[in-house]
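**Q** Provided herewith: start18.txt, compact mmCIF, C-alpha atoms.
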```txt
# COMPACT_ATOMS: atom_id res chain seq x y z
CA MET A 1 25.10 38.65 -12.67
CA LYS A 2 26.39 35.17 -13.59
CA ILE A 3 25.29 33.67 -16.91
CA GLU A 4 25.37 29.85 -16.91
CA LYS A 5 25.38 27.56 -19.94
CA ARG A 6 23.33 24.39 -19.61
CA ALA A 7 24.19 20.98 -21.07
CA SER A 8 21.28 21.45 -23.50
CA GLY A 9 23.02 24.49 -24.99
CA SER A 10 20.63 27.06 -23.52
CA TYR A 11 21.65 29.74 -21.01
CA ARG A 12 20.19 30.81 -17.70
CA ILE A 13 20.56 33.37 -14.95
CA ARG A 14 19.38 32.89 -11.37
CA LYS A 15 18.67 35.29 -8.54
CA MET A 16 17.68 34.79 -4.91
CA TYR A 17 14.82 37.12 -3.94
CA LYS A 18 13.18 37.07 -0.49
CA GLY A 19 14.29 33.50 0.14
CA GLN A 20 13.10 32.21 -3.24
CA MET A 21 15.30 31.33 -6.23
CA TYR A 22 14.12 32.71 -9.59
CA THR A 23 15.41 31.60 -12.99
CA VAL A 24 15.28 33.14 -16.47
CA SER A 25 16.31 31.10 -19.54
CA PHE A 26 17.65 32.13 -22.95
CA ASP A 27 18.19 30.22 -26.18
CA HIS A 28 21.30 32.36 -26.80
CA LYS A 29 24.02 33.84 -24.62
CA PRO A 30 22.59 37.13 -23.35
CA THR A 31 24.51 40.27 -22.61
CA GLN A 32 24.66 41.47 -19.02
CA LYS A 33 22.13 44.17 -19.91
CA GLU A 34 19.70 41.62 -21.44
CA ALA A 35 20.09 39.38 -18.41
CA MET A 36 19.37 42.20 -15.97
CA LEU A 37 16.33 43.40 -17.92
CA GLU A 38 14.76 39.94 -18.18
CA MET A 39 15.36 39.21 -14.50
CA ALA A 40 13.82 42.58 -13.59
CA LYS A 41 10.74 41.67 -15.67
CA GLU A 42 10.50 38.29 -13.94
CA LEU A 43 10.71 39.85 -10.47
CA GLU A 44 8.14 42.45 -11.49
CA LYS A 45 5.75 39.65 -12.46
CA VAL A 46 6.37 37.97 -9.12
CA GLN A 47 5.78 41.19 -7.20
CA GLU A 48 2.58 41.85 -9.17
CA LYS A 49 1.37 38.34 -8.40
CA HIS A 50 2.16 38.83 -4.71
CA ASN A 51 0.34 42.15 -4.65
CA ARG A 52 -2.81 40.48 -6.04
CA MET A 53 -2.67 37.35 -3.90
CA ASP A 54 -5.43 37.02 -1.31
CA PHE A 55 -5.54 34.48 1.52
CA ASN A 56 -7.80 32.16 -0.50
CA SER A 57 -5.26 31.95 -3.34
CA ALA A 58 -2.37 31.52 -0.92
CA ALA A 59 -4.21 28.74 0.94
CA ASN A 60 -4.95 26.86 -2.27
CA GLU A 61 -1.37 27.23 -3.44
CA TYR A 62 -0.14 26.00 -0.05
CA ILE A 63 -2.37 22.89 -0.24
CA GLU A 64 -1.27 22.08 -3.79
CA SER A 65 2.38 22.36 -2.78
CA LYS A 66 1.76 19.76 -0.05
CA ARG A 67 -0.59 17.45 -1.96
CA ASN A 68 1.94 14.71 -2.69
CA VAL A 69 3.25 14.51 0.88
CA LEU A 70 0.08 14.87 2.97
CA SER A 71 -2.65 12.26 3.40
CA PRO A 72 -5.96 12.68 1.53
CA SER A 73 -7.76 13.05 4.88
CA THR A 74 -5.43 15.90 5.89
CA ILE A 75 -6.07 17.64 2.56
CA ARG A 76 -9.81 17.16 3.09
CA GLY A 77 -9.45 18.68 6.57
CA TYR A 78 -7.72 21.73 5.13
CA TYR A 79 -10.54 22.35 2.66
CA THR A 80 -13.07 21.94 5.48
CA ILE A 81 -11.25 24.65 7.46
CA MET A 82 -11.23 26.93 4.40
CA ARG A 83 -15.00 26.62 4.10
CA GLN A 84 -15.33 27.75 7.71
CA ILE A 85 -13.21 30.88 7.27
CA PRO A 86 -15.38 33.97 6.56
CA GLU A 87 -15.25 35.50 3.08
CA ASP A 88 -13.85 38.84 4.24
CA PHE A 89 -10.77 37.09 5.70
CA MET A 90 -10.36 34.89 2.60
CA LYS A 91 -10.34 38.01 0.39
CA LYS A 92 -7.72 39.85 2.44
CA ASN A 93 -4.46 40.42 0.62
CA ILE A 94 -1.96 38.00 2.11
CA HIS A 95 0.49 40.88 2.67
CA ASP A 96 -2.08 43.00 4.52
CA ILE A 97 -3.04 40.39 7.12
CA THR A 98 -1.86 41.27 10.62
CA ALA A 99 -1.52 39.32 13.85
CA ILE A 100 -4.62 41.17 15.08
CA ASP A 101 -6.60 39.89 12.06
CA VAL A 102 -5.64 36.34 12.96
CA GLN A 103 -6.53 36.84 16.64
CA THR A 104 -9.92 38.29 15.62
CA GLU A 105 -10.63 35.25 13.46
CA ILE A 106 -9.68 32.89 16.30
CA ASN A 107 -11.92 34.83 18.71
CA ARG A 108 -14.81 34.39 16.27
CA MET A 109 -14.16 30.65 15.94
CA SER A 110 -13.88 30.21 19.71
CA LYS A 111 -17.51 31.24 20.17
CA LYS A 112 -18.87 28.24 18.31
CA CYS A 113 -16.14 25.60 18.05
CA SER A 114 -14.25 23.34 20.45
CA PRO A 115 -10.71 24.32 21.54
CA LYS A 116 -9.32 21.46 19.45
CA SER A 117 -11.11 22.69 16.30
CA VAL A 118 -9.93 26.24 16.95
CA SER A 119 -6.36 24.99 17.35
CA ASN A 120 -6.57 23.12 14.02
CA HIS A 121 -8.06 26.23 12.42
CA HIS A 122 -5.19 28.39 13.70
CA GLY A 123 -2.63 25.79 12.72
CA PHE A 124 -3.73 25.95 9.09
CA ILE A 125 -3.82 29.76 8.94
CA SER A 126 -0.40 30.07 10.57
CA ALA A 127 1.05 27.42 8.20
CA VAL A 128 -0.14 29.36 5.14
CA LEU A 129 1.17 32.64 6.55
CA GLY A 130 4.43 30.93 7.48
CA VAL A 131 5.06 30.22 3.79
CA PHE A 132 3.90 33.51 2.27
CA ARG A 133 4.60 35.83 5.22
CA PRO A 134 7.59 34.20 6.99
CA ASN A 135 8.44 37.42 8.84
CA LEU A 136 4.96 37.88 10.32
CA LYS A 137 5.13 37.09 14.02
CA LEU A 138 1.91 35.61 15.41
CA THR A 139 1.24 35.79 19.15
CA THR A 140 -2.27 34.36 19.01
CA THR A 141 -3.98 33.45 22.27
CA LEU A 142 -5.89 30.20 21.83
CA PRO A 143 -8.74 28.96 24.04
CA GLN A 144 -7.67 26.70 26.87
CA LYS A 145 -7.82 23.04 25.93
CA VAL A 146 -10.31 20.87 27.75
CA LYS A 147 -8.94 17.60 29.10
CA ASN A 148 -11.35 14.88 28.11
CA GLU A 149 -10.51 11.62 29.79
CA PRO A 150 -11.30 8.85 27.27
CA TYR A 151 -13.69 6.19 28.51
CA ILE A 152 -11.88 2.87 28.57
CA PRO A 153 -14.30 -0.08 28.67
CA SER A 154 -13.87 -2.87 31.19
CA ASP A 155 -13.09 -6.47 30.25
CA GLU A 156 -16.65 -7.45 31.20
CA GLU A 157 -18.11 -4.77 28.91
CA MET A 158 -15.90 -5.90 26.02
CA ARG A 159 -16.86 -9.54 26.55
CA LYS A 160 -20.53 -8.57 26.35
CA ILE A 161 -19.97 -6.61 23.15
CA LEU A 162 -17.93 -9.38 21.52
CA GLU A 163 -20.48 -12.02 22.53
CA TYR A 164 -23.33 -9.89 21.13
CA SER A 165 -21.48 -9.24 17.84
CA GLN A 166 -20.35 -12.86 17.33
CA GLY A 167 -21.21 -14.07 13.84
CA THR A 168 -22.17 -10.59 12.60
CA GLU A 169 -20.51 -8.48 9.91
CA TYR A 170 -18.93 -6.40 12.66
CA GLU A 171 -17.30 -9.07 14.83
CA VAL A 172 -13.96 -9.08 12.98
CA PRO A 173 -13.56 -5.26 12.86
CA ILE A 174 -14.32 -4.93 16.58
CA VAL A 175 -11.88 -7.69 17.56
CA LEU A 176 -9.14 -6.19 15.38
CA ALA A 177 -9.79 -2.79 16.98
CA CYS A 178 -9.15 -4.45 20.37
CA TYR A 179 -5.73 -5.40 19.01
CA GLY A 180 -4.91 -1.73 18.41
CA LEU A 181 -5.89 -1.27 14.76
CA ARG A 182 -7.48 1.97 13.57
CA ARG A 183 -10.83 1.78 11.75
CA SER A 184 -9.16 3.07 8.57
CA GLU A 185 -6.52 0.31 8.80
CA ILE A 186 -9.13 -2.41 9.37
CA CYS A 187 -11.20 -1.32 6.37
CA ALA A 188 -8.15 -1.45 4.09
CA LEU A 189 -7.13 -5.00 5.06
CA THR A 190 -7.47 -7.95 2.69
CA LEU A 191 -6.82 -11.66 3.21
CA ASP A 192 -3.41 -11.17 1.58
CA ASP A 193 -2.44 -9.09 4.62
CA ILE A 194 -2.86 -12.08 6.97
CA ASN A 195 -0.12 -14.71 7.00
CA ALA A 196 -0.69 -17.45 9.60
CA ASP A 197 -1.40 -15.42 12.77
CA ILE A 198 0.33 -12.21 11.63
CA VAL A 199 -1.59 -9.21 10.29
CA SER A 200 0.52 -6.79 8.20
CA VAL A 201 -0.75 -3.22 8.55
CA THR A 202 0.56 -1.20 5.59
CA LYS A 203 -2.38 0.91 4.34
CA ALA A 204 -5.54 2.75 5.33
CA LEU A 205 -8.91 3.61 3.80
CA VAL A 206 -9.60 7.35 4.06
CA GLN A 207 -11.71 10.05 2.41
CA ASN A 208 -10.14 12.62 0.12
CA GLU A 209 -11.35 16.20 -0.40
CA ASN A 210 -14.01 14.96 -2.84
CA LYS A 211 -15.38 12.61 -0.15
CA GLU A 212 -14.19 9.62 -2.18
CA TRP A 213 -12.82 6.63 -0.27
CA VAL A 214 -9.22 5.91 -1.28
CA ILE A 215 -6.49 3.54 -0.15
CA LYS A 216 -3.28 5.21 1.02
CA THR A 217 -0.24 4.31 3.06
CA THR A 218 -0.59 4.24 6.83
CA LYS A 219 -0.89 7.43 8.89
CA THR A 220 2.78 7.51 9.91
CA THR A 221 5.91 5.43 9.43
CA ALA A 222 5.31 3.93 12.88
CA SER A 223 1.81 2.87 11.79
CA THR A 224 3.26 0.33 9.34
CA ARG A 225 3.58 -2.70 11.58
CA LYS A 226 2.78 -6.39 12.13
CA ILE A 227 0.17 -7.52 14.66
CA ILE A 228 -0.14 -11.01 16.11
CA ILE A 229 -3.69 -12.32 16.58
CA PRO A 230 -4.93 -15.71 17.85
CA MET A 231 -4.48 -18.40 15.18
CA ALA A 232 -8.07 -19.58 15.72
CA PHE A 233 -9.34 -16.08 14.98
CA ALA A 234 -7.06 -15.79 11.91
CA ASP A 235 -8.49 -19.10 10.65
CA LYS A 236 -12.00 -17.79 11.27
CA ILE A 237 -11.24 -14.76 9.09
CA ARG A 238 -9.85 -16.97 6.32
CA GLU A 239 -12.94 -19.18 6.49
CA ARG A 240 -15.13 -16.08 6.29
CA GLY A 241 -13.23 -15.02 3.17
CA TYR A 242 -12.82 -11.31 3.90
CA ILE A 243 -12.22 -8.81 6.72
CA TYR A 244 -14.94 -6.22 6.18
CA LYS A 245 -16.91 -5.15 3.11
CA GLY A 246 -19.21 -2.45 4.44
CA HIS A 247 -18.99 1.32 4.84
CA PRO A 248 -16.53 2.39 7.60
CA GLY A 249 -19.23 4.47 9.29
CA GLU A 250 -21.46 1.42 9.73
CA ILE A 251 -18.96 -0.08 12.18
CA SER A 252 -19.29 2.97 14.43
CA LYS A 253 -23.09 2.94 14.12
CA TYR A 254 -23.24 -0.74 15.04
CA LEU A 255 -20.96 -0.30 18.05
CA SER A 256 -23.05 2.64 19.28
CA ALA A 257 -26.32 0.69 18.87
CA THR A 258 -24.80 -2.32 20.66
CA GLN A 259 -23.66 -0.19 23.60
CA LYS A 260 -27.17 1.22 23.91
CA LYS A 261 -28.71 -2.26 23.69
CA LEU A 262 -26.38 -3.63 26.39
CA ASP A 263 -26.57 -0.50 28.58
CA ILE A 264 -22.84 0.16 28.22
CA PRO A 265 -21.45 3.74 28.28
CA HIS A 266 -20.81 5.11 24.81
CA PHE A 267 -17.28 5.11 23.40
CA SER A 268 -16.05 5.25 19.81
CA ILE A 269 -14.35 2.41 17.93
CA HIS A 270 -11.13 4.44 18.16
CA LYS A 271 -11.22 4.21 21.97
CA LEU A 272 -10.56 0.49 21.66
CA ARG A 273 -6.98 1.49 20.89
CA HIS A 274 -6.93 2.99 24.40
CA TYR A 275 -8.34 -0.29 25.70
CA PHE A 276 -5.55 -2.17 23.91
CA ALA A 277 -2.85 0.09 25.37
CA SER A 278 -4.40 -0.11 28.83
CA LYS A 279 -4.47 -3.93 28.78
CA MET A 280 -0.88 -4.14 27.52
CA SER A 281 0.25 -1.75 30.24
CA ALA A 282 -1.57 -3.77 32.94
CA MET A 283 0.29 -6.85 31.67
CA ASN A 284 3.58 -4.97 32.21
CA VAL A 285 4.41 -4.91 28.51
CA PRO A 286 7.19 -2.30 28.00
CA GLU A 287 5.94 1.10 26.86
CA ALA A 288 8.14 1.04 23.74
CA ASP A 289 6.62 -2.29 22.68
CA ILE A 290 3.07 -1.01 23.24
CA MET A 291 3.79 2.02 21.06
CA ARG A 292 5.23 -0.17 18.30
CA MET A 293 2.26 -2.55 18.38
CA GLY A 294 -0.23 0.31 18.31
CA GLY A 295 1.63 2.32 15.68
CA TRP A 296 2.13 5.40 17.87
CA GLU A 297 5.07 7.74 17.22
CA THR A 298 4.70 9.72 20.44
CA ASP A 299 3.90 8.67 24.00
CA HIS A 300 0.66 10.69 24.26
CA ILE A 301 -1.43 7.51 24.40
CA MET A 302 0.65 6.15 27.27
CA LYS A 303 0.23 9.40 29.20
CA SER A 304 -3.53 9.01 28.74
CA VAL A 305 -3.40 5.41 29.98
CA TYR A 306 -1.30 6.32 33.01
CA ARG A 307 -3.62 9.23 33.81
CA HIS A 308 -6.63 6.93 33.58
CA SER A 309 -4.94 4.44 35.90
CA MET A 310 -4.14 7.18 38.43
CA ILE A 311 -7.74 8.42 38.39
CA GLU A 312 -8.98 4.89 39.09
CA LYS A 313 -6.55 4.53 42.00
CA GLN A 314 -7.58 7.94 43.37
CA GLU A 315 -11.22 6.91 43.17
CA GLU A 316 -10.46 3.68 45.07
CA SER A 317 -8.56 5.64 47.74
CA LYS A 318 -11.43 8.12 48.15
CA ARG A 319 -13.93 5.28 48.56
CA GLU A 320 -11.72 3.52 51.11
CA ALA A 321 -11.37 6.75 53.09
CA ALA A 322 -15.14 7.36 52.91
CA GLU A 323 -15.80 3.82 54.14
CA LYS A 324 -13.40 4.25 57.08
CA LEU A 325 -15.11 7.49 58.04
CA ARG A 326 -18.52 5.81 57.80
CA ASN A 327 -17.35 3.03 60.11
CA ALA A 328 -16.00 5.57 62.59
CA LEU A 329 -19.21 7.57 62.64
CA PHE A 330 -21.95 4.95 62.36
CA SER A 331 -20.55 1.62 63.54
```
Once more with this new file: its structure as structure tokens, please.

**A**
Amino acid sequence: MKIEKRASGSYRIRKMYKGQMYTVSFDHKPTQKEAMLEMAKELEKVQEKHNRMDFNSAANEYIESKRNVLSPSTIRGYYTIMRQIPEDFMKKNIHDITAIDVQTEINRMSKKCSPKSVSNHHGFISAVLGVFRPNLKLTTTLPQKVKNEPYIPSDEEMRKILEYSQGTEYEVPIVLACYGLRRSEICALTLDDINADIVSVTKALVQNENKEWVIKTTKTTASTRKIIIPMAFADKIRERGYIYKGHPGEISKYLSATQKKLDIPHFSIHKLRHYFASKMSAMNVPEADIMRMGGWETDHIMKSVYRHSMIEKQEESKREAAEKLRNALFS
């Protein structure tokens, strides 16, 4: 066993055990026997800790190890999942959990949660097990995902909404959402982020695990971007003196109430990002440019837009065919 002398004058020995490096330090140069005994004690402590570790402890340790690299909203989501996991699973020793245990938990979740929630649930459990049980092979069968086609409002519907919201607290957030900004990005903006007609998107307002609203960097590297808005609208924001001061949830409530008032199908504020992508695509803006403007890293949004466009075309074709048949039969 190699004994290394540090620059500080102390000595250390290191040993790789089950993929993890362990270190023992000495204030004097130990003999080989001393080094081996101390390392054996250290590994015994580690083994004892592992033997006592239940899934709850492992999950908390996993979250803490990721705290500085994950967003506060992701951390909050992890703790939400932990609260949904039954106590008997949380108390299971991490080394006793089997693939069948995981499948049983997913079966239980599938009875009351959406396929997406179940997938997130499984993703967290498998991530924790991947760190503490890297050799455990999971072959979990997840519920089939349901394809929900997002409702993309028409230009006429958006004009009605914008006309109705003109002059209200919610006009600016709704317009910015039409330019592809997320609600969290809109709520984090200040006047300093608007230079002439350019909006710099560099941060987001999200909830942490304590349900406190905090400012953080944008969701992904691609989310940090610059958006061009009409100069007249930028001037209107500057004259107003702020972007939005209210609670993020109030924007969604207002939009929902407005849709009901105007007899417009319900869609969330987030779906205006789909509207933005759809309009850009219809204007033949290159896909790569649309993704950059919307802050998307993958092309999933474009697949959704193309699918929506195909459905509309199929609907038009079916109606044309039905009309031709009607003319043949009844004209």

**Q** Please indicate the distance in Å from CA of Ala257 in chain A to CA of Pro173 in chain A, rounded to one decimal place.

**A**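 Going from CA of Ala257 in chain A over to CA of Pro173 in chain A covers 15.3 Å.
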
**Q** My list of candidates is A:Leu129, A:Ala282, A:Ala59, A:Met293. Which is closest to Ser223 in chain A when distances are computed with all atoms listed in the file?

**A** A:Met293

**Q** Could you tell me how far CA of Ala7 in chain A lies from CA of Lys29 in chain A, in Å and to one decimal?

**A**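 Between these atoms lies a distance of 13.3 Å.
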
**Q** Once you count all atoms listed in the file, which residues end up no further than 12 Å from (-17.5, -14.6, 3.4) in the file's frame, shown as a ChimeraX atom specification?

**A** /A:167-169,172,191,236-245

**Q** Quick check, in Å to one decimal: how far apart do CA of Thr190 in chain A and CA of Ser73 in chain A lie?

**A**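 Value for the CA of Thr190 in chain A-CA of Ser73 in chain A distance: 21.1 Å.
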
**Q** Kindly extract all protein, DNA and RNA residues lying within 7 Å of the coordinates (-15.8, -6.8, 21.4) given in the file, considering all atoms listed in the file, and supply them as number ranges by chain.

**A** A: 158-159, 161-162, 174-175

**Q** Calculated over all atoms listed in the file, which of the candidates A:Asn56, A:Ser126, A:Thr98, A:Asn68 has the smallest distance to Ile85 in chain A?

**A**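 Among A:Asn56, A:Ser126, A:Thr98, A:Asn68, it is A:Asn56 that comes nearest to Ile85 in chain A.
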
**Q** Do you know which residues are at most 12 Å from range 201-206 of chain A counting only C-alpha atoms, after dropping those on the same chain fewer than 4 positions away, and could you put them as an NGL selection string?

**A** :A and (71-77 or 176 or 179-195 or 210-228 or 244-249 or 292-295)

**Q** Would you pick out the contacts of Glu157 in chain A at 10 Å or less, using all atoms listed in the file, so that residues sharing its chain but fewer than 3 positions from it are not included, and give the list as a PDB file with C-alpha atoms, in the coordinates of the input?

**A**
```pdb
ATOM      1  CA  ILE A 152     -11.880   2.870  28.570  1.00  0.00           C
ATOM      2  CA  PRO A 153     -14.300  -0.080  28.670  1.00  0.00           C
ATOM      3  CA  SER A 154     -13.870  -2.870  31.190  1.00  0.00           C
ATOM      4  CA  LYS A 160     -20.530  -8.570  26.350  1.00  0.00           C
ATOM      5  CA  ILE A 161     -19.970  -6.610  23.150  1.00  0.00           C
ATOM      6  CA  LEU A 162     -17.930  -9.380  21.520  1.00  0.00           C
ATOM      7  CA  GLU A 163     -20.480 -12.020  22.530  1.00  0.00           C
ATOM      8  CA  GLN A 259     -23.660  -0.190  23.600  1.00  0.00           C
ATOM      9  CA  LEU A 262     -26.380  -3.630  26.390  1.00  0.00           C
ATOM     10  CA  ASP A 263     -26.570  -0.500  28.580  1.00  0.00           C
ATOM     11  CA  ILE A 264     -22.840   0.160  28.220  1.00  0.00           C
ATOM     12  CA  PRO A 265     -21.450   3.740  28.280  1.00  0.00           C
TER      13      PRO A 265
END
```
